[in-house]
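Raw coords_38.tsv, TSV, C-alpha atoms and all ligand atoms:
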chain	number	residue	atom	x	y	z
A	1	MET	CA	0.28	44.32	-93.72
A	2	GLU	CA	-0.62	47.95	-93.22
A	3	ASP	CA	-1.58	48.81	-89.62
A	4	ARG	CA	-3.19	52.25	-89.71
A	5	ILE	CA	-6.92	51.82	-89.29
A	6	GLU	CA	-8.99	54.26	-91.36
A	7	ILE	CA	-12.13	55.45	-89.62
A	8	SER	CA	-15.34	56.77	-91.15
A	9	LEU	CA	-18.09	57.47	-88.69
A	10	SER	CA	-21.81	56.93	-89.13
A	11	THR	CA	-23.89	60.09	-89.41
A	12	CYS	CA	-27.06	58.54	-88.04
A	13	LYS	CA	-27.24	56.54	-84.82
A	14	LYS	CA	-29.58	53.57	-84.56
A	15	LEU	CA	-32.10	53.14	-81.75
A	16	LYS	CA	-30.88	50.76	-79.08
A	17	PRO	CA	-33.16	47.91	-77.97
A	18	GLU	CA	-34.68	47.74	-74.47
A	19	PRO	CA	-32.31	45.78	-72.17
A	20	ASP	CA	-35.04	43.25	-71.29
A	21	ARG	CA	-35.71	42.49	-74.98
A	22	LEU	CA	-32.17	41.72	-76.07
A	23	GLY	CA	-32.19	37.99	-76.82
A	24	PHE	CA	-29.10	36.89	-78.71
A	25	GLY	CA	-27.54	38.45	-81.81
A	26	LYS	CA	-30.48	40.52	-82.99
A	27	ALA	CA	-29.37	44.12	-82.46
A	28	PHE	CA	-26.16	45.31	-84.16
A	29	THR	CA	-24.19	48.45	-83.36
A	30	ASP	CA	-23.48	51.51	-85.51
A	31	HIS	CA	-20.06	50.46	-86.86
A	32	MET	CA	-18.12	47.45	-88.10
A	33	PHE	CA	-14.47	46.65	-88.86
A	34	ILE	CA	-13.43	45.33	-92.25
A	35	MET	CA	-10.11	44.42	-93.89
A	36	ASP	CA	-9.30	42.81	-97.27
A	37	TYR	CA	-6.85	40.16	-98.38
A	38	ALA	CA	-5.25	39.81	-101.79
A	39	PRO	CA	-2.18	37.68	-102.62
A	40	GLU	CA	-0.11	40.72	-103.78
A	41	THR	CA	-0.81	42.86	-100.72
A	42	GLY	CA	-1.65	40.39	-97.95
A	43	TRP	CA	-4.18	41.72	-95.40
A	44	HIS	CA	-4.63	45.40	-96.16
A	45	ARG	CA	-6.88	48.46	-95.76
A	46	PRO	CA	-8.06	47.90	-92.21
A	47	ARG	CA	-11.00	50.24	-91.66
A	48	ILE	CA	-13.92	51.01	-89.38
A	49	ILE	CA	-17.04	52.00	-91.29
A	50	PRO	CA	-20.76	52.48	-90.56
A	51	TYR	CA	-22.53	49.10	-90.11
A	52	GLN	CA	-23.84	48.20	-93.55
A	53	PRO	CA	-24.54	45.33	-95.98
A	54	ILE	CA	-21.55	44.01	-97.90
A	55	GLN	CA	-21.60	43.36	-101.62
A	56	LEU	CA	-20.28	40.02	-102.87
A	57	ASP	CA	-20.15	38.36	-106.25
A	58	PRO	CA	-22.65	35.45	-106.37
A	59	ALA	CA	-19.72	33.20	-107.33
A	60	ALA	CA	-17.77	34.07	-104.13
A	61	LYS	CA	-16.34	30.82	-102.78
A	62	VAL	CA	-17.85	31.26	-99.35
A	63	PHE	CA	-21.33	30.68	-100.80
A	64	HIS	CA	-20.41	27.46	-102.55
A	65	TYR	CA	-17.71	25.74	-100.53
A	66	GLY	CA	-18.13	27.25	-97.07
A	67	GLN	CA	-14.58	28.57	-96.75
A	68	THR	CA	-15.17	30.73	-93.71
A	69	VAL	CA	-14.28	30.87	-90.02
A	70	PHE	CA	-15.59	32.85	-87.08
A	71	GLU	CA	-15.09	33.62	-83.41
A	72	GLY	CA	-17.35	34.71	-80.58
A	73	MET	CA	-16.25	36.79	-77.60
A	74	LYS	CA	-17.76	39.39	-75.29
A	75	ALA	CA	-17.15	42.87	-73.90
A	76	TYR	CA	-18.55	43.75	-70.45
A	77	ARG	CA	-19.28	47.07	-68.76
A	78	THR	CA	-18.22	47.08	-65.10
A	79	ARG	CA	-19.99	48.97	-62.27
A	80	GLU	CA	-17.17	51.55	-62.45
A	81	ASP	CA	-17.90	51.99	-66.18
A	82	ARG	CA	-14.75	50.22	-67.35
A	83	ILE	CA	-14.95	48.07	-70.48
A	84	LEU	CA	-13.44	44.58	-70.20
A	85	LEU	CA	-12.75	41.91	-72.79
A	86	PHE	CA	-12.43	38.29	-71.68
A	87	ARG	CA	-9.33	36.48	-73.00
A	88	PRO	CA	-9.38	38.11	-76.46
A	89	GLY	CA	-5.86	36.82	-77.22
A	90	LYS	CA	-7.04	33.22	-76.84
A	91	HIS	CA	-9.91	33.87	-79.25
A	92	PHE	CA	-7.68	35.38	-81.95
A	93	GLN	CA	-5.24	32.48	-81.54
A	94	ARG	CA	-8.11	30.07	-82.11
A	95	LEU	CA	-9.25	32.12	-85.12
A	96	ASN	CA	-5.82	31.53	-86.63
A	97	ARG	CA	-5.99	27.80	-85.84
A	98	SER	CA	-9.35	27.67	-87.65
A	99	ASN	CA	-7.77	29.68	-90.51
A	100	GLU	CA	-4.99	27.15	-90.77
A	101	ARG	CA	-7.47	24.27	-91.04
A	102	LEU	CA	-9.56	26.09	-93.69
A	103	CYS	CA	-6.51	27.27	-95.76
A	104	ILE	CA	-7.20	30.94	-94.94
A	105	PRO	CA	-4.17	33.24	-94.49
A	106	PRO	CA	-3.55	34.11	-90.80
A	107	VAL	CA	-4.42	37.54	-89.44
A	108	ARG	CA	-1.96	39.37	-87.20
A	109	GLU	CA	-3.44	38.90	-83.72
A	110	GLU	CA	-2.13	42.24	-82.38
A	111	LEU	CA	-3.76	44.12	-85.25
A	112	ALA	CA	-7.04	42.24	-84.78
A	113	LEU	CA	-7.06	43.16	-81.07
A	114	GLU	CA	-6.19	46.80	-81.79
A	115	ALA	CA	-8.98	46.99	-84.40
A	116	LEU	CA	-11.44	45.47	-81.94
A	117	LYS	CA	-10.47	47.94	-79.19
A	118	GLN	CA	-10.89	50.91	-81.55
A	119	LEU	CA	-14.27	49.61	-82.73
A	120	LEU	CA	-15.41	49.14	-79.12
A	121	LEU	CA	-14.34	52.66	-78.19
A	122	ILE	CA	-16.36	54.06	-81.10
A	123	ASP	CA	-19.46	51.99	-80.22
A	124	ARG	CA	-18.84	52.17	-76.46
A	125	ASP	CA	-22.33	53.46	-75.66
A	126	TRP	CA	-23.75	50.18	-77.05
A	127	ILE	CA	-22.14	48.11	-74.30
A	128	PRO	CA	-25.01	47.39	-71.91
A	129	ALA	CA	-24.67	47.64	-68.14
A	130	GLU	CA	-27.55	45.46	-66.88
A	131	GLU	CA	-26.77	42.18	-65.10
A	132	GLY	CA	-26.49	39.30	-67.58
A	133	THR	CA	-26.07	41.54	-70.64
A	134	SER	CA	-22.95	42.20	-72.69
A	135	LEU	CA	-21.74	43.11	-76.14
A	136	TYR	CA	-21.19	39.98	-78.22
A	137	ILE	CA	-18.29	40.27	-80.67
A	138	ARG	CA	-18.37	38.28	-83.89
A	139	PRO	CA	-15.12	38.36	-85.89
A	140	PHE	CA	-15.34	36.31	-89.12
A	141	ILE	CA	-13.51	35.73	-92.37
A	142	ILE	CA	-15.09	34.89	-95.71
A	143	ALA	CA	-13.61	33.69	-99.02
A	144	THR	CA	-14.62	36.32	-101.55
A	145	GLU	CA	-12.97	35.20	-104.78
A	146	PRO	CA	-15.57	34.66	-107.54
A	147	LEU	CA	-14.39	31.31	-108.87
A	148	LEU	CA	-16.12	27.93	-108.83
A	149	GLY	CA	-13.04	25.69	-108.89
A	150	VAL	CA	-12.63	23.83	-105.60
A	151	ALA	CA	-9.40	25.35	-104.27
A	152	PRO	CA	-8.58	27.88	-101.54
A	153	SER	CA	-9.71	31.40	-102.39
A	154	ASN	CA	-7.15	34.06	-103.26
A	155	HIS	CA	-9.25	36.85	-101.77
A	156	TYR	CA	-10.86	37.26	-98.34
A	157	GLN	CA	-12.54	39.76	-96.06
A	158	PHE	CA	-12.08	39.87	-92.29
A	159	ILE	CA	-15.01	41.57	-90.58
A	160	ILE	CA	-15.95	42.28	-86.96
A	161	ILE	CA	-19.54	43.05	-86.01
A	162	LEU	CA	-20.94	43.73	-82.53
A	163	SER	CA	-24.30	42.88	-81.04
A	164	GLN	CA	-25.93	43.69	-77.70
A	165	VAL	CA	-26.95	40.42	-76.05
A	166	GLY	CA	-28.79	39.00	-73.08
A	167	ALA	CA	-28.87	35.29	-72.18
A	168	TYR	CA	-28.28	32.84	-75.06
A	169	TYR	CA	-30.94	30.42	-73.80
A	170	ALA	CA	-34.37	31.69	-72.82
A	171	GLU	CA	-33.88	29.74	-69.55
A	172	GLY	CA	-31.01	32.10	-68.49
A	173	ILE	CA	-29.23	30.49	-65.51
A	174	ARG	CA	-32.13	28.04	-65.05
A	175	PRO	CA	-31.34	24.49	-66.23
A	176	VAL	CA	-31.85	23.65	-69.91
A	177	LYS	CA	-33.07	20.32	-71.31
A	178	ILE	CA	-30.83	18.68	-73.90
A	179	MET	CA	-31.47	15.76	-76.26
A	180	VAL	CA	-28.62	13.30	-76.87
A	181	GLU	CA	-28.46	12.80	-80.64
A	182	ALA	CA	-28.78	9.19	-81.78
A	183	ASP	CA	-28.97	9.50	-85.60
A	184	TYR	CA	-26.86	12.36	-86.89
A	185	VAL	CA	-23.24	13.29	-86.09
A	186	ARG	CA	-21.61	16.74	-85.97
A	187	ALA	CA	-18.00	15.93	-86.82
A	188	VAL	CA	-15.43	13.16	-87.02
A	189	ASN	CA	-11.80	13.07	-86.04
A	190	GLY	CA	-9.72	14.44	-88.92
A	191	GLY	CA	-12.62	16.62	-90.11
A	192	VAL	CA	-13.21	20.25	-89.14
A	193	GLY	CA	-14.94	19.71	-85.78
A	194	SER	CA	-12.25	21.55	-83.82
A	195	ALA	CA	-12.38	24.58	-86.15
A	196	LYS	CA	-14.95	27.32	-85.71
A	197	THR	CA	-16.38	27.13	-89.19
A	198	ALA	CA	-19.89	27.50	-90.55
A	199	GLY	CA	-20.23	23.92	-91.86
A	200	ASN	CA	-20.16	22.47	-88.34
A	201	TYR	CA	-23.18	24.55	-87.42
A	202	ALA	CA	-25.05	23.86	-90.66
A	203	ALA	CA	-24.42	20.13	-90.07
A	204	GLY	CA	-26.20	20.43	-86.73
A	205	LEU	CA	-29.36	22.18	-87.84
A	206	LYS	CA	-31.39	19.10	-88.82
A	207	ALA	CA	-30.96	17.41	-85.45
A	208	GLN	CA	-31.53	20.67	-83.61
A	209	GLU	CA	-34.79	21.20	-85.44
A	210	THR	CA	-36.08	17.82	-84.27
A	211	ALA	CA	-34.87	18.42	-80.72
A	212	SER	CA	-36.53	21.82	-80.44
A	213	GLY	CA	-39.78	20.33	-81.82
A	214	LEU	CA	-39.68	17.98	-78.80
A	215	GLY	CA	-39.03	20.83	-76.36
A	216	TYR	CA	-35.24	20.44	-76.01
A	217	ALA	CA	-32.94	23.49	-76.17
A	218	GLN	CA	-30.10	21.79	-78.07
A	219	VAL	CA	-28.62	18.40	-78.95
A	220	LEU	CA	-25.65	16.74	-77.29
A	221	TRP	CA	-23.44	15.14	-79.94
A	222	LEU	CA	-21.87	11.71	-79.70
A	223	ASP	CA	-18.67	10.78	-81.58
A	224	GLY	CA	-19.08	9.80	-85.23
A	225	VAL	CA	-17.42	6.35	-85.00
A	226	GLN	CA	-18.45	4.51	-81.83
A	227	ARG	CA	-21.56	6.65	-81.38
A	228	ARG	CA	-21.04	6.29	-77.59
A	229	ASN	CA	-18.56	9.02	-76.60
A	230	ILE	CA	-19.91	12.40	-75.52
A	231	GLU	CA	-18.54	15.26	-77.63
A	232	GLU	CA	-20.14	18.72	-77.22
A	233	VAL	CA	-23.42	20.57	-77.54
A	234	GLY	CA	-22.43	22.63	-80.61
A	235	SER	CA	-22.77	25.94	-78.84
A	236	MET	CA	-21.13	24.62	-75.65
A	237	ASN	CA	-18.58	22.17	-74.21
A	238	VAL	CA	-19.96	19.98	-71.42
A	239	PHE	CA	-18.99	18.97	-67.87
A	240	PHE	CA	-20.61	16.33	-65.64
A	241	LYS	CA	-20.41	15.61	-61.91
A	242	LEU	CA	-20.83	11.86	-61.51
A	243	ASN	CA	-20.63	10.23	-58.08
A	244	GLY	CA	-18.73	13.20	-56.68
A	245	LYS	CA	-16.21	13.33	-59.58
A	246	LEU	CA	-16.05	15.99	-62.26
A	247	VAL	CA	-15.41	14.87	-65.84
A	248	THR	CA	-15.35	16.51	-69.27
A	249	PRO	CA	-14.67	15.04	-72.72
A	250	TYR	CA	-10.99	15.43	-73.69
A	251	LEU	CA	-10.13	17.44	-76.82
A	252	SER	CA	-10.41	14.49	-79.19
A	253	GLY	CA	-9.86	16.53	-82.37
A	254	SER	CA	-13.53	16.67	-83.27
A	255	ILE	CA	-14.68	19.08	-80.55
A	256	LEU	CA	-13.99	22.75	-80.01
A	257	ASP	CA	-11.30	23.96	-77.60
A	258	GLY	CA	-13.61	26.38	-75.78
A	259	THR	CA	-12.22	29.41	-73.94
A	260	ILE	CA	-14.78	29.02	-71.15
A	261	ARG	CA	-13.99	25.28	-70.98
A	262	ASP	CA	-10.32	26.16	-70.51
A	263	SER	CA	-11.17	28.84	-67.93
A	264	ILE	CA	-13.27	26.35	-65.93
A	265	LEU	CA	-10.38	23.87	-65.93
A	266	HIS	CA	-8.09	26.61	-64.57
A	267	LEU	CA	-10.59	27.64	-61.88
A	268	LEU	CA	-11.05	24.03	-60.73
A	269	LYS	CA	-7.28	23.55	-60.56
A	270	HIS	CA	-6.98	26.79	-58.56
A	271	TRP	CA	-9.62	25.47	-56.12
A	272	GLU	CA	-7.90	22.07	-56.01
A	273	ILE	CA	-11.04	20.33	-57.28
A	274	PRO	CA	-9.97	17.35	-59.42
A	275	VAL	CA	-11.42	17.11	-62.92
A	276	GLU	CA	-10.78	14.35	-65.44
A	277	GLU	CA	-10.45	15.17	-69.16
A	278	ARG	CA	-11.15	11.84	-70.79
A	279	ILE	CA	-13.58	9.78	-72.84
A	280	VAL	CA	-17.03	10.06	-71.24
A	281	THR	CA	-19.61	7.67	-72.67
A	282	ILE	CA	-23.38	7.96	-72.74
A	283	ASP	CA	-23.49	4.54	-71.01
A	284	GLU	CA	-21.52	5.97	-68.09
A	285	LEU	CA	-24.07	8.78	-67.71
A	286	VAL	CA	-26.97	6.29	-67.82
A	287	VAL	CA	-25.33	4.07	-65.17
A	288	ALA	CA	-24.63	7.09	-62.92
A	289	PHE	CA	-28.26	8.19	-63.34
A	290	ARG	CA	-29.64	4.73	-62.49
A	291	HIS	CA	-27.52	4.63	-59.31
A	292	GLY	CA	-28.52	8.11	-58.22
A	293	GLY	CA	-25.02	9.49	-58.96
A	294	PHE	CA	-25.74	11.93	-61.80
A	295	GLU	CA	-25.27	15.02	-59.63
A	296	GLU	CA	-24.62	17.97	-61.94
A	297	ALA	CA	-24.18	18.82	-65.62
A	298	PHE	CA	-23.42	22.10	-67.29
A	299	GLY	CA	-22.43	23.50	-70.65
A	300	THR	CA	-19.75	26.16	-71.17
A	301	GLY	CA	-19.39	28.61	-74.05
A	302	THR	CA	-18.90	32.29	-74.74
A	303	ALA	CA	-22.50	32.87	-75.75
A	304	ALA	CA	-24.05	30.64	-73.08
A	305	VAL	CA	-21.35	31.35	-70.39
A	306	ILE	CA	-22.24	28.47	-68.01
A	307	SER	CA	-25.57	26.86	-68.57
A	308	PRO	CA	-26.84	24.25	-66.11
A	309	ILE	CA	-28.32	21.13	-67.73
A	310	GLY	CA	-31.34	19.76	-65.86
A	311	GLU	CA	-32.28	16.86	-68.10
A	312	LEU	CA	-30.81	14.70	-70.85
A	313	TYR	CA	-33.08	12.72	-73.16
A	314	TRP	CA	-31.57	9.52	-74.53
A	315	GLN	CA	-33.45	6.88	-76.49
A	316	GLY	CA	-36.79	7.21	-74.78
A	317	GLU	CA	-35.38	7.79	-71.28
A	318	ARG	CA	-35.28	11.12	-69.43
A	319	LEU	CA	-32.17	11.38	-67.28
A	320	LEU	CA	-33.00	13.97	-64.61
A	321	ILE	CA	-29.87	15.56	-63.21
A	322	GLY	CA	-29.46	16.47	-59.54
A	323	LYS	CA	-32.66	17.89	-58.09
A	324	GLY	CA	-33.59	19.73	-61.29
A	325	ASP	CA	-32.03	22.94	-59.92
A	326	THR	CA	-28.69	24.56	-60.70
A	327	GLY	CA	-26.03	22.45	-58.92
A	328	GLU	CA	-23.85	23.89	-56.16
A	329	LEU	CA	-20.59	23.66	-58.11
A	330	THR	CA	-22.23	24.95	-61.31
A	331	ARG	CA	-23.47	28.01	-59.37
A	332	ARG	CA	-20.05	28.60	-57.78
A	333	LEU	CA	-18.33	28.43	-61.17
A	334	TYR	CA	-20.94	30.71	-62.75
A	335	ASP	CA	-20.66	33.30	-59.97
A	336	THR	CA	-16.86	33.29	-60.04
A	337	LEU	CA	-16.52	33.42	-63.81
A	338	THR	CA	-19.10	36.15	-64.34
A	339	GLY	CA	-17.63	38.00	-61.31
A	340	ILE	CA	-14.25	38.09	-63.11
A	341	GLN	CA	-15.81	38.97	-66.47
A	342	TYR	CA	-17.77	41.92	-65.03
A	343	GLY	CA	-14.80	43.08	-62.94
A	344	ARG	CA	-16.60	42.40	-59.61
A	345	LEU	CA	-14.02	39.84	-58.48
A	346	ALA	CA	-10.23	39.87	-58.59
A	347	ASP	CA	-8.79	38.34	-61.76
A	348	PRO	CA	-5.87	36.20	-60.50
A	349	PHE	CA	-5.28	34.76	-63.99
A	350	GLY	CA	-4.99	38.04	-65.92
A	351	TRP	CA	-7.87	37.04	-68.20
A	352	THR	CA	-9.55	40.40	-68.60
A	353	VAL	CA	-8.20	43.10	-70.93
A	354	GLU	CA	-9.35	46.66	-70.42
A	355	VAL	CA	-10.35	48.61	-73.53
B	1	LIG	C1	-20.10	31.19	-78.86
B	1	LIG	O1	-20.26	30.72	-77.73
B	1	LIG	O2	-19.60	32.29	-79.06
B	1	LIG	C2	-20.46	30.43	-80.02
B	1	LIG	O3	-19.76	30.47	-80.98
B	1	LIG	C3	-21.73	29.77	-80.05
B	1	LIG	C4	-22.52	30.36	-81.13
B	1	LIG	C5	-22.55	29.47	-82.29
B	1	LIG	C6	-23.81	30.90	-80.70

Just dump the structure as structure tokens.
Amino acid sequence: MEDRIEISLSTCKKLKPEPDRLGFGKAFTDHMFIMDYAPETGWHRPRIIPYQPIQLDPAAKVFHYGQTVFEGMKAYRTREDRILLFRPGKHFQRLNRSNERLCIPPVREELALEALKQLLLIDRDWIPAEEGTSLYIRPFIIATEPLLGVAPSNHYQFIIILSQVGAYYAEGIRPVKIMVEADYVRAVNGGVGSAKTAGNYAAGLKAQETASGLGYAQVLWLDGVQRRNIEEVGSMNVFFKLNGKLVTPYLSGSILDGTIRDSILHLLKHWEIPVEERIVTIDELVVAFRHGGFEEAFGTGTAAVISPIGELYWQGERLLIGKGDTGELTRRLYDTLTGIQYGRLADPFGWTVEV
């Protein structure tokens, strides 16, 4: 694999959106990274080019069989004008785990990080400084071979695009309402639920459409076999505080190993707050609610960071969590994590990487 990254700069700069109108994933920067894969050469021709449409053959395998993976991470601008990435190594490792599951050749993680740093330096003025904003980074790989036989592609493209973002949910740090999904499932053990691949998100759209029609931000998935065990929200892993005890679903094989989930587990350990990674059932949540012990719930994810959950809807019943406000522990975790990400707090774990 060749390592020198060719650079061709854009001659016209796009207008940047107003910081209060960012939303999520709408405004893309001036440049992108792209690299090709062919069996004879491996990954080759890493390059940074002006942000532009890509041309693909209509028979490219990604369109037909969904052979594709992606990642999501963020770059932050600190008050001192430093640029920080949050655990990029962990994200590229997960990209390669997703690659392995989808039969996509691995990318060299050091090269991917170097390419990302160079891209960020070129589009540095796109990294917003306002509280709650950041530059969302979307690395992804697509199968480009034009061939309709069902077999792994021989050709791929690895691309990184960047987008200025505000809060993922319109609620920001205010609690979101989530509907527990009773009919559809997202993934089953042995499937691709633990890989970051497009099909998992497409599989969730139908249920999400119904939930948003009823005023819920997202759906909370149950396992595909018992239909009782809590899995994840699709864009977030979940944590619950029940009768004073913190619990989160264990990595069963059908949920995503989230970087923020892992960071929360480390922070809790550091604070000596016990947390159980285990099977958590919907029945347990209902019982805790009925006995007044459903104290806090929050989702964790790169896009959403930490999002308090104020209500769960399950089979006609509204489970109101805590007092409807952001819980004390949720707030402490949010403040600490974002403090580290934005370089306001010390980073005892070495999670941030300066660009
Ligand atoms: C992320 O948190 O980066 C995700 O991948 C969620 C995304 C699908 C919006």

Mind listing the residues within 10 Å of ligand LIG 1 (chain B), only C-alpha atoms and all ligand atoms counted, as a PyMOL selection string? chain A and resi 24-25+70-74+91+136-138+168-169+196-198+200-201+233-237+256+258-260+300-305

As a list in words, please: the residues near Glu114 (chain A) (cut-off 12 Å, all atoms listed in the file, same-chain neighbours under 4 positions excluded).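 Contacts, with the query itself left out: Asp3, Arg4, Ile5, Phe33, Pro46, Arg47, Ile48, Pro88, Gly89, Phe92, Arg108, Glu109, Glu110, Gln118, Leu119, Leu120, Leu121, Ile160, Val353, Glu354 and Val355 of chain A.
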
Option closest in space to Val165 (chain A), from A:Ser134, A:Ser153, A:Asn99, A:Thr336 [counting only C-alpha atoms]: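 Looking at the shortest contact to Val165 (chain A), the residue is A:Ser134.
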
Could you tell me which of A:Thr338, A:Gln157, A:Asn189, A:Asn229 comes closest to His44 (chain A) if we count only C-alpha atoms?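 Looking only at the distances to His44 (chain A), the closest residue turns out to be A:Gln157.
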